[in-house]
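Chemist: Next comes structure13.cif, mmCIF, C-alpha atoms:
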```cif
data_entry
loop_
_atom_site.label_atom_id
_atom_site.label_comp_id
_atom_site.auth_asym_id
_atom_site.auth_seq_id
_atom_site.Cartn_x
_atom_site.Cartn_y
_atom_site.Cartn_z
CA MET D 1 20.53 -7.65 -18.33
CA LYS D 2 20.34 -3.89 -17.84
CA ILE D 3 16.54 -3.86 -17.66
CA TYR D 4 16.58 -6.42 -14.81
CA TRP D 5 18.97 -4.27 -12.82
CA GLU D 6 16.82 -1.22 -13.54
CA LEU D 7 13.70 -3.07 -12.36
CA PHE D 8 15.42 -4.21 -9.20
CA ILE D 9 16.98 -0.87 -8.27
CA THR D 10 13.83 1.16 -9.08
CA PHE D 11 11.65 -1.06 -6.91
CA PHE D 12 14.35 -1.20 -4.22
CA ARG D 13 14.32 2.62 -4.10
CA MET D 14 10.53 2.69 -3.82
CA GLY D 15 10.52 0.06 -1.08
CA ALA D 16 13.05 2.14 0.86
CA ILE D 17 10.96 5.33 0.89
CA THR D 18 7.48 3.85 1.37
CA PHE D 19 6.27 4.28 4.95
CA GLY D 20 3.01 2.47 5.64
CA GLY D 21 1.04 0.13 3.42
CA GLY D 22 0.47 -0.13 -0.30
CA TYR D 23 -1.50 3.13 -0.36
CA ALA D 24 1.52 5.09 0.82
CA MET D 25 3.43 3.65 -2.15
CA LEU D 26 0.93 4.87 -4.74
CA PRO D 27 2.25 8.46 -5.12
CA ILE D 28 5.79 7.11 -5.32
CA LEU D 29 4.76 4.61 -8.02
CA GLN D 30 3.09 7.39 -10.00
CA ARG D 31 6.28 9.42 -9.82
CA GLU D 32 8.83 6.66 -10.53
CA VAL D 33 7.02 4.20 -12.77
CA VAL D 34 4.33 6.24 -14.58
CA ASP D 35 6.04 9.65 -14.99
CA GLY D 36 9.66 8.51 -14.73
CA LYS D 37 10.15 5.17 -16.48
CA GLY D 38 6.88 5.02 -18.42
CA TRP D 39 6.53 1.35 -17.48
CA CYS D 40 2.76 1.67 -17.04
CA THR D 41 -0.07 4.22 -17.15
CA ASN D 42 -2.26 5.62 -14.36
CA GLU D 43 -5.12 3.47 -15.72
CA GLU D 44 -3.04 0.31 -15.42
CA LEU D 45 -1.99 1.32 -11.90
CA THR D 46 -5.66 1.56 -10.80
CA ASP D 47 -6.25 -1.86 -12.39
CA TYR D 48 -3.31 -3.34 -10.47
CA TYR D 49 -4.56 -1.84 -7.20
CA ALA D 50 -8.06 -3.21 -7.80
CA ILE D 51 -6.69 -6.69 -8.50
CA GLY D 52 -4.19 -6.38 -5.63
CA GLN D 53 -7.04 -5.81 -3.18
CA CYS D 54 -8.89 -8.93 -4.31
CA THR D 55 -5.95 -11.32 -4.51
CA PRO D 56 -3.76 -12.83 -1.82
CA GLY D 57 -0.65 -10.99 -0.76
CA ILE D 58 0.41 -7.44 -0.10
CA ILE D 59 -0.72 -4.73 -2.52
CA ALA D 60 2.70 -3.08 -2.90
CA VAL D 61 4.22 -6.48 -3.70
CA ASN D 62 1.45 -7.43 -6.13
CA THR D 63 1.92 -4.15 -8.01
CA ALA D 64 5.67 -4.77 -8.29
CA THR D 65 4.98 -8.27 -9.65
CA PHE D 66 2.55 -6.86 -12.24
CA ILE D 67 4.90 -4.16 -13.51
CA GLY D 68 7.89 -6.53 -13.55
CA PHE D 69 5.88 -9.10 -15.50
CA LYS D 70 4.73 -6.48 -18.00
CA GLN D 71 8.34 -5.45 -18.65
CA LYS D 72 10.18 -8.77 -18.69
CA GLY D 73 7.87 -11.71 -18.04
CA VAL D 74 8.29 -14.10 -15.13
CA ALA D 75 11.94 -13.19 -14.49
CA GLY D 76 11.08 -9.48 -14.48
CA ALA D 77 8.21 -10.14 -12.04
CA ILE D 78 10.52 -11.94 -9.61
CA VAL D 79 13.28 -9.31 -9.85
CA ALA D 80 10.87 -6.39 -9.25
CA THR D 81 9.16 -8.18 -6.36
CA TYR D 82 12.40 -8.95 -4.53
CA GLY D 83 13.55 -5.40 -5.26
CA VAL D 84 10.60 -3.89 -3.41
CA VAL D 85 10.96 -6.17 -0.37
CA ALA D 86 14.79 -6.08 -0.07
CA PRO D 87 14.92 -2.77 1.91
CA SER D 88 12.55 -4.23 4.52
CA PHE D 89 14.83 -7.22 4.87
CA ILE D 90 17.85 -5.01 5.52
CA VAL D 91 16.20 -2.35 7.71
CA ILE D 92 14.13 -4.74 9.83
CA GLY D 93 17.07 -7.09 10.17
CA VAL D 94 19.22 -4.26 11.58
CA ILE D 95 16.46 -3.04 13.89
CA ALA D 96 15.64 -6.53 15.17
CA ALA D 97 19.33 -7.19 15.81
CA LEU D 98 20.40 -3.85 17.33
CA LEU D 99 17.47 -1.66 18.31
CA GLN D 100 14.91 -3.80 20.07
CA ASN D 101 13.12 -0.70 21.43
CA PHE D 102 13.22 1.18 18.12
CA ALA D 103 9.52 2.02 18.03
CA SER D 104 9.51 3.41 21.58
CA TYR D 105 12.17 6.11 21.01
CA ALA D 106 10.58 9.58 21.25
CA ILE D 107 12.32 10.84 18.11
CA VAL D 108 11.02 7.87 16.08
CA GLN D 109 7.45 8.38 17.32
CA ASN D 110 7.55 12.12 16.62
CA ALA D 111 9.15 11.75 13.20
CA PHE D 112 6.65 9.11 12.24
CA ALA D 113 3.68 11.27 13.29
CA GLY D 114 5.06 13.89 10.88
CA ILE D 115 5.56 11.30 8.15
CA ARG D 116 1.92 10.25 8.49
CA VAL D 117 0.85 13.84 7.77
CA ALA D 118 3.06 13.88 4.65
CA VAL D 119 1.67 10.51 3.54
CA THR D 120 -1.90 11.86 3.97
CA VAL D 121 -1.15 14.73 1.57
CA LEU D 122 0.62 12.39 -0.86
CA ILE D 123 -2.36 10.01 -0.98
CA LEU D 124 -4.71 12.96 -1.56
CA ASN D 125 -2.58 14.09 -4.53
CA ALA D 126 -2.43 10.50 -5.84
CA VAL D 127 -6.22 10.10 -5.69
CA VAL D 128 -6.72 13.37 -7.60
CA LYS D 129 -4.41 12.03 -10.34
CA LEU D 130 -6.24 8.68 -10.48
CA LEU D 131 -9.63 10.44 -10.64
CA LYS D 132 -8.62 12.03 -13.95
CA SER D 133 -8.04 8.61 -15.53
CA SER D 134 -10.78 6.58 -13.83
CA VAL D 135 -13.75 8.95 -13.60
CA VAL D 136 -14.61 9.58 -17.25
CA ASP D 137 -18.42 10.06 -17.16
CA LYS D 138 -21.46 10.25 -14.85
CA LEU D 139 -21.61 6.51 -14.19
CA THR D 140 -17.95 6.24 -13.15
CA ALA D 141 -18.35 9.36 -10.96
CA CYS D 142 -21.27 7.65 -9.16
CA VAL D 143 -19.26 4.44 -8.73
CA PHE D 144 -16.34 6.39 -7.24
CA LEU D 145 -18.53 8.27 -4.74
CA ALA D 146 -20.57 5.23 -3.77
CA VAL D 147 -17.51 3.02 -3.19
CA ALA D 148 -15.51 5.71 -1.37
CA LEU D 149 -18.39 6.35 1.09
CA ALA D 150 -19.41 2.69 1.50
CA ALA D 151 -15.83 1.52 2.01
CA PHE D 152 -15.22 4.24 4.60
CA PHE D 153 -18.39 3.76 6.65
CA LEU D 154 -19.10 0.04 6.23
CA ASP D 155 -16.82 -2.82 7.12
CA LEU D 156 -17.14 -4.72 3.84
CA SER D 157 -14.57 -6.66 1.84
CA PRO D 158 -12.98 -4.74 -1.08
CA VAL D 159 -13.59 -7.87 -3.17
CA LEU D 160 -17.33 -7.18 -3.02
CA PHE D 161 -16.94 -3.63 -4.38
CA VAL D 162 -14.63 -4.73 -7.18
CA LEU D 163 -16.97 -7.56 -8.25
CA ILE D 164 -20.07 -5.33 -8.28
CA ALA D 165 -18.27 -2.51 -10.11
CA GLY D 166 -16.88 -4.96 -12.65
CA ALA D 167 -20.36 -6.42 -13.34
CA LEU D 168 -21.74 -2.88 -13.65
CA GLY D 169 -18.97 -1.97 -16.09
CA ILE D 170 -19.71 -5.00 -18.29
CA ALA D 171 -23.44 -4.23 -18.15
CA ALA D 172 -22.90 -0.60 -19.16
CA LYS D 173 -20.24 -1.11 -21.84
CA VAL D 174 -21.21 -4.42 -23.43
CA LEU D 175 -24.82 -5.34 -22.70
CA TRP D 176 -26.63 -1.97 -22.79
CA LYS D 177 -24.57 -0.69 -25.68
CA GLY D 178 -25.10 -3.96 -27.55
CA ALA D 179 -28.85 -3.74 -26.92
CA ALA D 180 -28.93 -0.15 -28.18
CA LYS D 181 -27.27 -1.15 -31.46
CA LYS D 182 -29.92 -3.79 -32.15
CA MET H 183 12.98 -27.59 10.72
CA THR H 184 12.04 -24.18 12.14
CA TYR H 185 13.11 -22.67 8.80
CA LEU H 186 10.79 -24.90 6.82
CA LEU H 187 7.99 -24.23 9.28
CA LEU H 188 8.58 -20.45 9.02
CA PHE H 189 8.40 -20.68 5.24
CA TRP H 190 5.23 -22.75 5.40
CA GLU H 191 3.45 -20.56 7.98
CA PHE H 192 4.19 -17.37 6.04
CA PHE H 193 3.36 -19.05 2.74
CA LYS H 194 -0.11 -19.74 4.14
CA THR H 195 -0.39 -16.15 5.40
CA GLY H 196 0.64 -14.83 1.98
CA LEU H 197 -1.89 -17.11 0.32
CA PHE H 198 -4.90 -16.27 2.48
CA ALA H 199 -4.34 -12.68 3.63
CA VAL H 200 -6.26 -10.79 0.95
CA GLY H 201 -5.80 -7.03 0.87
CA GLY H 202 -3.17 -4.84 2.48
CA GLY H 203 -0.47 -5.66 5.00
CA LEU H 204 -2.85 -5.23 7.93
CA ALA H 205 -4.82 -8.23 6.62
CA THR H 206 -1.91 -10.38 7.82
CA LEU H 207 -2.56 -9.42 11.47
CA PRO H 208 -5.22 -12.06 12.33
CA PHE H 209 -2.99 -14.71 10.74
CA LEU H 210 -0.04 -13.60 12.86
CA TYR H 211 -2.06 -13.74 16.10
CA ASP H 212 -3.16 -17.24 15.17
CA MET H 213 0.38 -18.27 14.21
CA GLY H 214 1.79 -17.00 17.52
CA ALA H 215 -0.85 -18.86 19.51
CA ARG H 216 -0.26 -22.13 17.66
CA THR H 217 3.55 -22.16 17.41
CA GLY H 218 4.50 -20.22 20.54
CA TRP H 219 7.03 -18.24 18.47
CA PHE H 220 5.73 -14.90 19.80
CA THR H 221 2.96 -13.50 21.99
CA ALA H 222 0.10 -11.19 21.01
CA HIS H 223 1.97 -8.41 22.81
CA GLN H 224 5.01 -8.95 20.57
CA VAL H 225 2.78 -8.73 17.51
CA ALA H 226 1.72 -5.25 18.67
CA ASP H 227 5.42 -4.31 19.04
CA MET H 228 6.17 -5.67 15.59
CA LEU H 229 3.33 -3.62 14.16
CA ALA H 230 4.76 -0.47 15.75
CA VAL H 231 8.19 -1.20 14.23
CA SER H 232 6.64 -2.05 10.85
CA GLU H 233 4.76 1.22 10.81
CA SER H 234 7.80 3.32 11.68
CA THR H 235 10.15 1.82 9.09
CA PRO H 236 10.10 1.91 5.29
CA GLY H 237 8.53 -0.97 3.41
CA PRO H 238 5.13 -2.64 3.20
CA ILE H 239 3.81 -3.56 6.67
CA GLY H 240 3.10 -7.22 5.81
CA ILE H 241 6.66 -7.74 4.59
CA ASN H 242 8.16 -5.99 7.61
CA MET H 243 6.09 -8.20 9.91
CA ALA H 244 7.34 -11.35 8.17
CA VAL H 245 11.00 -10.28 8.32
CA TYR H 246 10.74 -9.20 11.96
CA THR H 247 8.96 -12.38 13.04
CA GLY H 248 11.39 -14.57 11.12
CA TYR H 249 14.37 -12.80 12.66
CA THR H 250 13.15 -12.93 16.26
CA THR H 251 12.25 -16.60 15.82
CA ALA H 252 15.29 -17.94 13.97
CA GLY H 253 17.79 -15.22 13.03
CA ILE H 254 18.73 -13.95 9.57
CA LEU H 255 18.04 -17.24 7.80
CA GLY H 256 14.67 -17.38 9.55
CA SER H 257 13.73 -13.91 8.29
CA LEU H 258 14.77 -14.92 4.77
CA CYS H 259 12.53 -18.03 4.94
CA ALA H 260 9.57 -15.97 6.21
CA LEU H 261 10.14 -13.35 3.49
CA VAL H 262 10.29 -15.89 0.65
CA GLY H 263 7.27 -17.65 2.17
CA ILE H 264 5.05 -14.58 2.24
CA VAL H 265 5.86 -13.30 -1.28
CA THR H 266 5.81 -16.62 -3.17
CA PRO H 267 1.99 -17.11 -3.26
CA SER H 268 1.37 -13.59 -4.54
CA ILE H 269 4.12 -13.87 -7.17
CA ILE H 270 2.48 -17.05 -8.53
CA VAL H 271 -1.09 -15.71 -8.41
CA ILE H 272 -0.23 -12.32 -9.93
CA ILE H 273 1.87 -13.84 -12.73
CA LEU H 274 -1.11 -16.05 -13.68
CA ILE H 275 -3.49 -13.07 -13.62
CA ALA H 276 -1.06 -10.83 -15.53
CA ALA H 277 -0.62 -13.51 -18.20
CA ALA H 278 -4.40 -13.94 -18.48
CA LEU H 279 -4.90 -10.15 -18.74
CA LYS H 280 -2.29 -9.98 -21.49
CA ALA H 281 -4.19 -12.63 -23.46
CA PHE H 282 -7.58 -10.93 -22.99
CA ARG H 283 -6.48 -7.31 -23.25
CA ASP H 284 -8.73 -6.60 -26.23
CA ASN H 285 -11.70 -8.56 -24.90
CA LYS H 286 -14.75 -6.27 -24.63
CA TYR H 287 -15.95 -7.94 -21.42
CA VAL H 288 -12.58 -7.44 -19.72
CA ASN H 289 -12.45 -3.82 -20.89
CA GLY H 290 -16.03 -3.25 -19.73
CA ALA H 291 -15.25 -4.73 -16.32
CA PHE H 292 -12.22 -2.47 -15.86
CA TYR H 293 -14.23 0.57 -16.95
CA GLY H 294 -16.37 -0.09 -13.86
CA ILE H 295 -13.58 -1.31 -11.60
CA ARG H 296 -11.25 1.71 -12.07
CA PRO H 297 -13.46 4.26 -10.28
CA ALA H 298 -14.23 1.62 -7.61
CA SER H 299 -10.51 1.07 -7.07
CA THR H 300 -9.96 4.84 -6.80
CA GLY H 301 -12.87 4.97 -4.32
CA LEU H 302 -11.27 2.25 -2.17
CA ILE H 303 -7.98 4.17 -2.18
CA ALA H 304 -9.81 7.41 -1.25
CA ALA H 305 -11.52 5.63 1.68
CA ALA H 306 -8.17 4.27 2.88
CA GLY H 307 -6.70 7.79 2.52
CA LEU H 308 -9.52 9.16 4.67
CA THR H 309 -8.68 6.64 7.40
CA VAL H 310 -5.03 7.68 7.22
CA ALA H 311 -6.11 11.36 7.38
CA ILE H 312 -8.15 10.79 10.53
CA GLY H 313 -5.18 9.12 12.18
CA SER H 314 -2.78 11.91 11.26
CA LEU H 315 -4.89 15.09 11.43
CA LEU H 316 -7.30 14.44 14.30
CA ARG H 317 -6.84 13.55 17.97
CA THR H 318 -9.97 11.48 18.35
CA ASP H 319 -9.26 10.90 22.06
CA ALA H 320 -9.67 14.65 22.72
CA TRP H 321 -13.34 14.61 21.60
CA THR H 322 -15.66 16.18 24.20
CA GLY H 323 -18.78 16.82 22.11
CA TRP H 324 -20.06 18.92 19.21
CA ASP H 325 -20.04 22.18 21.21
CA ARG H 326 -16.23 21.98 21.35
CA PHE H 327 -15.58 19.93 18.18
CA TRP H 328 -12.40 21.87 17.37
CA THR H 329 -10.58 20.22 20.27
CA VAL H 330 -10.05 17.14 18.08
CA LEU H 331 -8.28 19.16 15.37
CA ASP H 332 -4.53 18.69 15.63
CA TRP H 333 -3.60 22.21 14.47
CA LYS H 334 0.13 21.45 14.19
CA ALA H 335 -0.68 18.58 11.82
CA TRP H 336 -3.08 20.72 9.75
CA LEU H 337 -0.43 23.42 9.42
CA LEU H 338 2.18 20.87 8.31
CA ALA H 339 -0.32 19.30 5.87
CA ALA H 340 -1.01 22.75 4.39
CA VAL H 341 2.72 23.46 4.00
CA ILE H 342 3.42 20.08 2.39
CA PHE H 343 0.40 20.46 0.10
CA ALA H 344 1.57 23.93 -0.97
CA VAL H 345 5.10 22.65 -1.62
CA SER H 346 3.76 19.71 -3.66
CA ARG H 347 1.67 22.11 -5.81
CA LEU H 348 4.41 24.73 -6.24
CA PHE H 349 7.17 22.25 -7.07
CA LYS H 350 5.45 19.55 -9.07
CA LYS H 351 8.77 17.98 -10.06
CA LEU H 352 9.76 17.40 -6.43
CA HIS H 353 10.13 13.72 -5.54
CA PRO H 354 7.61 12.42 -2.93
CA ALA H 355 10.57 11.33 -0.80
CA PHE H 356 11.37 15.02 -0.07
CA LEU H 357 7.84 15.62 1.17
CA ILE H 358 8.16 12.57 3.45
CA LEU H 359 11.48 13.98 4.69
CA ILE H 360 9.84 17.37 5.44
CA GLY H 361 7.21 15.48 7.43
CA ALA H 362 9.80 13.50 9.38
CA VAL H 363 11.95 16.55 10.24
CA ALA H 364 8.95 18.71 11.21
CA GLY H 365 7.51 15.84 13.24
CA ALA H 366 10.77 15.32 15.15
CA LEU H 367 11.45 19.06 15.69
CA PHE H 368 7.95 20.01 16.84
CA ARG H 369 7.31 16.75 18.71
CA PHE H 370 4.24 15.72 16.71
CA ALA H 371 3.51 12.60 18.72
CA GLY H 372 3.93 14.58 21.94
CA ALA H 373 6.62 12.10 22.95
#
```
Translate this file's structure into structure tokens.

Modeler:
Amino acid sequence: MKIYWELFITFFRMGAITFGGGYAMLPILQREVVDGKGWCTNEELTDYYAIGQCTPGIIAVNTATFIGFKQKGVAGAIVATYGVVAPSFIVIGVIAALLQNFASYAIVQNAFAGIRVAVTVLILNAVVKLLKSSVVDKLTACVFLAVALAAFFLDLSPVLFVLIAGALGIAAKVLWKGAAKK
Amino acid sequence: MTYLLLFWEFFKTGLFAVGGGLATLPFLYDMGARTGWFTAHQVADMLAVSESTPGPIGINMAVYTGYTTAGILGSLCALVGIVTPSIIVIILIAAALKAFRDNKYVNGAFYGIRPASTGLIAAAGLTVAIGSLLRTDAWTGWDRFWTVLDWKAWLLAAVIFAVSRLFKKLHPAFLILIGAVAGALFRFAGA
């Protein structure tokens, strides 16, 4: 029973301090789940993000489902998922009920502009950490650069990048290596 | 009936909105137009609230829409609706991955996918950086390119970066708090 509570409360905490989308949650996941609880590795986190971008639903939620499932199966997945969304339910409920003009208060706008700067730095740090586990040779370095530039400048679906990179990975690791052995 | 409809509409959004929370936007515009629950203008307001509160944007949008449409129970229905499809899909994928963890094709695919995933995150980070560190509306041409640099934001970014390097054990929440306090004190949005 304790592990379910731990899953819920850990994901609740992360949901409460994530401002923005799933990317803003990445540095917090690295801190809480990879370094803190040891529930998954940085490699697995990049896998979850890749899958999260190609599957329906919200990336932060998908990642919670993945980690919950890995720890405690279907029940763990459900507990972790509702943990990460529960703060939104409470906070948005209060705002919708009491502070209809919440987003137009000057202090909220100013504070959030500052938060965005902090989130920018946090994402930068998170990417540097992920680079260490995902870019392991020349080929993966090329894939990283090509996808980062293409995704920034072109309006293409992330699904396309993940599919091409996956095919390239299979070609490099299984087919070419297999051919070399023969 | 509204409750069931809220669940169903957000279930569909959760099922078809692939990618981040912003991918739910076109579905919300469409939902508002069809059901009359909210206008496009209200969606913009909801987005502003979602972006200035903790939590994933897509989830915040669902809770806010559900609440304004049908109160607390409505927001609960919308919330359960939007997360249910992804719980089902991800559990299936996670179970499949567990079964094929040692498969060489799966491992090969992830060898290629990992740097691509990091690249996608870097591109998203760059978009966030442009929004937070540049004032694109102040652009007047290359001869005065520095006018777009938001120097207050760069200074804050440098401070937060230095703090994050000096105190590696510091929880990210403290860095977010520094950002919020500095933003409010020095009126970062100019509001």

Chemist: Between H:Ala362, H:Val288, H:Ala335, H:Val245, single out the one closest to Ser88 (chain D), counting only C-alpha atoms.

Modeler: H:Val245

Chemist: Would you list the contacts of Pro297 (chain H) as a list in words, taking every protein, DNA or RNA residue within 9 Å and counting all atoms listed in the file, but skipping same-chain residues closer than 3 positions in sequence?

Modeler: Thr46, Leu130, Leu131, Ser133, Ser134, Val135, Val136, Thr140, Ala141, Cys142, Val143, Phe144, Leu145, Val147 and Ala165 of chain D; Phe292, Tyr293, Gly294, Thr300, Gly301 and Leu302 of chain H

Chemist: One number please: CA of Thr81 (chain D) to CA of Cys259 (chain H), in Å, one decimal.

Modeler: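 Atom-to-atom, CA of Thr81 (chain D) to CA of Cys259 (chain H), that is 15.4 Å.
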
Chemist: Please determine, counting all atoms listed in the file, which residue among H:Leu359, H:Pro267, H:Ile303, H:Asp212 has the shortest atom-to-atom distance to Phe19 (chain D).

Modeler: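 So, comparing all the options, the nearest one is H:Leu359.
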
Chemist: Might you pull out every residue within 8 Å of Ile273 (chain H), with all atoms listed in the file counted and same-chain residues fewer than 3 positions away left off, and present them as a ChimeraX atom specification?

Modeler: /D:65-66,69,74,77 /H:269-270,276-277

Chemist: Apply the PyMOL selection byres ((chain H and resi 250) around 12) to the displayed file and report the matching residues as a PyMOL selection string.

Modeler: (chain D and resi 92-98+100) or (chain H and resi 188+219-221+224-225+227-228+243-249+251-258+260)

Chemist: List every residue of region 220-248 of chain H that has an atom at most 10 Å from any atom of region 22-29 of chain D, giving for each one its closest atom pair and the distance in Å to one decimal, counting only C-alpha atoms, sorted by chain and then by ascending residue number, as CSV.

Modeler:
```
residue,atom,partner,partner_atom,distance
H:Gly237,CA,D:Met25,CA,8.8
H:Pro238,CA,D:Gly22,CA,6.3
H:Ile239,CA,D:Gly22,CA,8.5
H:Gly240,CA,D:Gly22,CA,9.7
```

Chemist: Near region 119-123 of chain D, within 7 Å and counting all atoms listed in the file, which residues show up once chain neighbours fewer than 3 positions away are dropped, as a list in words?

Modeler: Tyr23, Ala24, Pro27, Ile115, Arg116, Ala126 and Val127 of chain D; Gly307, Val310, Ala311, Ala339, Phe343 and Ile358 of chain H

Chemist: Could you check which of D:Ala118, D:Ala80, D:Met1, D:Val162 is closest to Phe356 (chain H), using all atoms listed in the file?

Modeler: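 Counting all atoms listed in the file, the residue closest to Phe356 (chain H) is D:Ala118.
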
Chemist: If you count all atoms listed in the file, which residues fall within 12 Å of Ala344 (chain H), apart from same-chain ones fewer than 3 positions away, as a PyMOL selection string?

Modeler: (chain D and resi 118+121-122+125) or (chain H and resi 337-341+347-350+352+357)

Chemist: Would you mind listing what lies within 12 Å of Leu331 (chain H) as a list of chain:residue names, with only C-alpha atoms counted and same-chain residues fewer than 2 positions away left out?

Modeler: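 Neighbouring residues, sequence-local ones excluded: H:Ala311, H:Ile312, H:Gly313, H:Ser314, H:Leu315, H:Leu316, H:Arg317, H:Thr318, H:Asp319, H:Ala320, H:Trp321, H:Thr322, H:Arg326, H:Phe327, H:Trp328, H:Thr329, H:Trp333, H:Lys334, H:Ala335, H:Trp336, H:Leu337.
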
Chemist: To test the calculation: enclose all listed atoms of region 276-284 of chain H in a box whose edges run along x, y and z, add 6 Å on each side, then state centre and edge lengths in Å to one decimal, as JSON.

Modeler:
```
{"center_x": -4.7, "center_y": -10.3, "center_z": -20.9, "size_x": 20.1, "size_y": 19.3, "size_z": 22.7}
```

Chemist: Since I can't run it myself right now, could you work out what the PyMOL selection byres ((chain D and resi 112) around 9) selects here and report it as number ranges by chain?

Modeler: D: 19, 107-111, 113-117; H: 233-235, 361-362, 365-366, 370-371

Chemist: Expanded to explicit residues, what is the PyMOL selection byres ((chain D and resi 33) around 12) for this file, as a PDB file with C-alpha atoms, in the frame of the given file?

Modeler:
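So the final result, stored in selection36.pdb, reads:
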```pdb
ATOM      1  CA  GLU D   6      16.820  -1.220 -13.540  1.00  0.00           C
ATOM      2  CA  LEU D   7      13.700  -3.070 -12.360  1.00  0.00           C
ATOM      3  CA  THR D  10      13.830   1.160  -9.080  1.00  0.00           C
ATOM      4  CA  PHE D  11      11.650  -1.060  -6.910  1.00  0.00           C
ATOM      5  CA  ARG D  13      14.320   2.620  -4.100  1.00  0.00           C
ATOM      6  CA  MET D  14      10.530   2.690  -3.820  1.00  0.00           C
ATOM      7  CA  MET D  25       3.430   3.650  -2.150  1.00  0.00           C
ATOM      8  CA  LEU D  26       0.930   4.870  -4.740  1.00  0.00           C
ATOM      9  CA  PRO D  27       2.250   8.460  -5.120  1.00  0.00           C
ATOM     10  CA  ILE D  28       5.790   7.110  -5.320  1.00  0.00           C
ATOM     11  CA  LEU D  29       4.760   4.610  -8.020  1.00  0.00           C
ATOM     12  CA  GLN D  30       3.090   7.390 -10.000  1.00  0.00           C
ATOM     13  CA  ARG D  31       6.280   9.420  -9.820  1.00  0.00           C
ATOM     14  CA  GLU D  32       8.830   6.660 -10.530  1.00  0.00           C
ATOM     15  CA  VAL D  34       4.330   6.240 -14.580  1.00  0.00           C
ATOM     16  CA  ASP D  35       6.040   9.650 -14.990  1.00  0.00           C
ATOM     17  CA  GLY D  36       9.660   8.510 -14.730  1.00  0.00           C
ATOM     18  CA  LYS D  37      10.150   5.170 -16.480  1.00  0.00           C
ATOM     19  CA  GLY D  38       6.880   5.020 -18.420  1.00  0.00           C
ATOM     20  CA  TRP D  39       6.530   1.350 -17.480  1.00  0.00           C
ATOM     21  CA  CYS D  40       2.760   1.670 -17.040  1.00  0.00           C
ATOM     22  CA  THR D  41      -0.070   4.220 -17.150  1.00  0.00           C
ATOM     23  CA  ASN D  42      -2.260   5.620 -14.360  1.00  0.00           C
ATOM     24  CA  GLU D  44      -3.040   0.310 -15.420  1.00  0.00           C
ATOM     25  CA  LEU D  45      -1.990   1.320 -11.900  1.00  0.00           C
ATOM     26  CA  THR D  63       1.920  -4.150  -8.010  1.00  0.00           C
ATOM     27  CA  ALA D  64       5.670  -4.770  -8.290  1.00  0.00           C
ATOM     28  CA  PHE D  66       2.550  -6.860 -12.240  1.00  0.00           C
ATOM     29  CA  ILE D  67       4.900  -4.160 -13.510  1.00  0.00           C
ATOM     30  CA  GLY D  68       7.890  -6.530 -13.550  1.00  0.00           C
ATOM     31  CA  GLN D  71       8.340  -5.450 -18.650  1.00  0.00           C
ATOM     32  CA  ALA D  80      10.870  -6.390  -9.250  1.00  0.00           C
TER      33      ALA D  80
END
```

Chemist: Suppose you want the space between CA of Gln53 (chain D) and CA of Ala305 (chain H); what is it in Å?

Modeler: 13.2 Å
